[in-house]
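Chemist: Got a structure for you, written out below as structure tokens; questions coming shortly.
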Amino acid sequence: MPGQDLDRLFSPRAVAVVGASTNADSPGHDYVRALREFGFEGEVYPINPRADEVAGYRAYPALGDVPGAVDLVICCIPA
């Protein structure tokens with residue numbers, strides 16, 4: 001059913017932030033922090049190959065390293 005496909009976009013259970021950053025002034029850090037501050041209850045997977053943790057969440061070096069399914073990816077890498 002087409003409506004079910006949109007559920008993952010508008011009500012994700014897991015979000016990955018590609019380009020998540022330890023730099024508190026970067027958009028990649030802001031998205032991860034906002035997910036926590038606004039009470040997102042699903043899994044948050046910061047993706048950063050040079051960080052162990054971003055905004056209190058364990059970071060993963062690549063999207064393929066995330067242990068679970070991801071419903072939504074936020075891309076914060078420069079063009």
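Lettering and numbering for the structure tokens are positional, with chains as A, B, ... in the shown order, residues counted from 1 in each chain, and ligands counted from 1 in the shown order.
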Can you tell me, as a ChimeraX atom specification, what residues are no more than 12 Å from Arg36 of chain A when counting only C-alpha atoms, ignoring any on the same chain fewer than 6 positions away?

Modeler: /A:15,29-30,42-46,54-57

Chemist: Tell me which protein, DNA and RNA residues are within 9 Å of Ala51 of chain A, counting only C-alpha atoms, leaving out same-chain ones fewer than 4 positions away, and put them as an NGL selection string.

Modeler: :A and (20-22 or 47 or 58-61)

Chemist: Mind checking DSSP for chain A and telling me the alpha helix (DSSP H) residues as a ChimeraX atom specification?

Modeler: /A:2-10,27-37

Chemist: Smallest atom-to-atom distance to Val17 of chain A: which of A:Asp5, A:Pro67, A:Asn48, A:Phe40, using only C-alpha atoms?

Modeler: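 Of A:Asp5, A:Pro67, A:Asn48, A:Phe40, the one nearest Val17 of chain A is A:Asn48, counting only C-alpha atoms.
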
Chemist: Between A:Val70, A:Ala34, A:Cys75, A:Ala62, which residue has the minimum interatomic distance to Ala14 of chain A, considering only C-alpha atoms?

Modeler: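 Between A:Val70, A:Ala34, A:Cys75, A:Ala62, the residue approaching Ala14 of chain A most closely is A:Val70.
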
Chemist: Which residue gives the smallest distance to Leu63 of chain A among A:Leu9, A:Leu35, A:Ala16, A:Cys76, with only C-alpha atoms counted?

Modeler: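 Among A:Leu9, A:Leu35, A:Ala16, A:Cys76, it is A:Ala16 that comes nearest to Leu63 of chain A.
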
Chemist: Using Å and a single decimal, report how far atom CA of Glu53 of chain A sits from atom CA of Phe38 of chain A.

Modeler: 19.2 Å
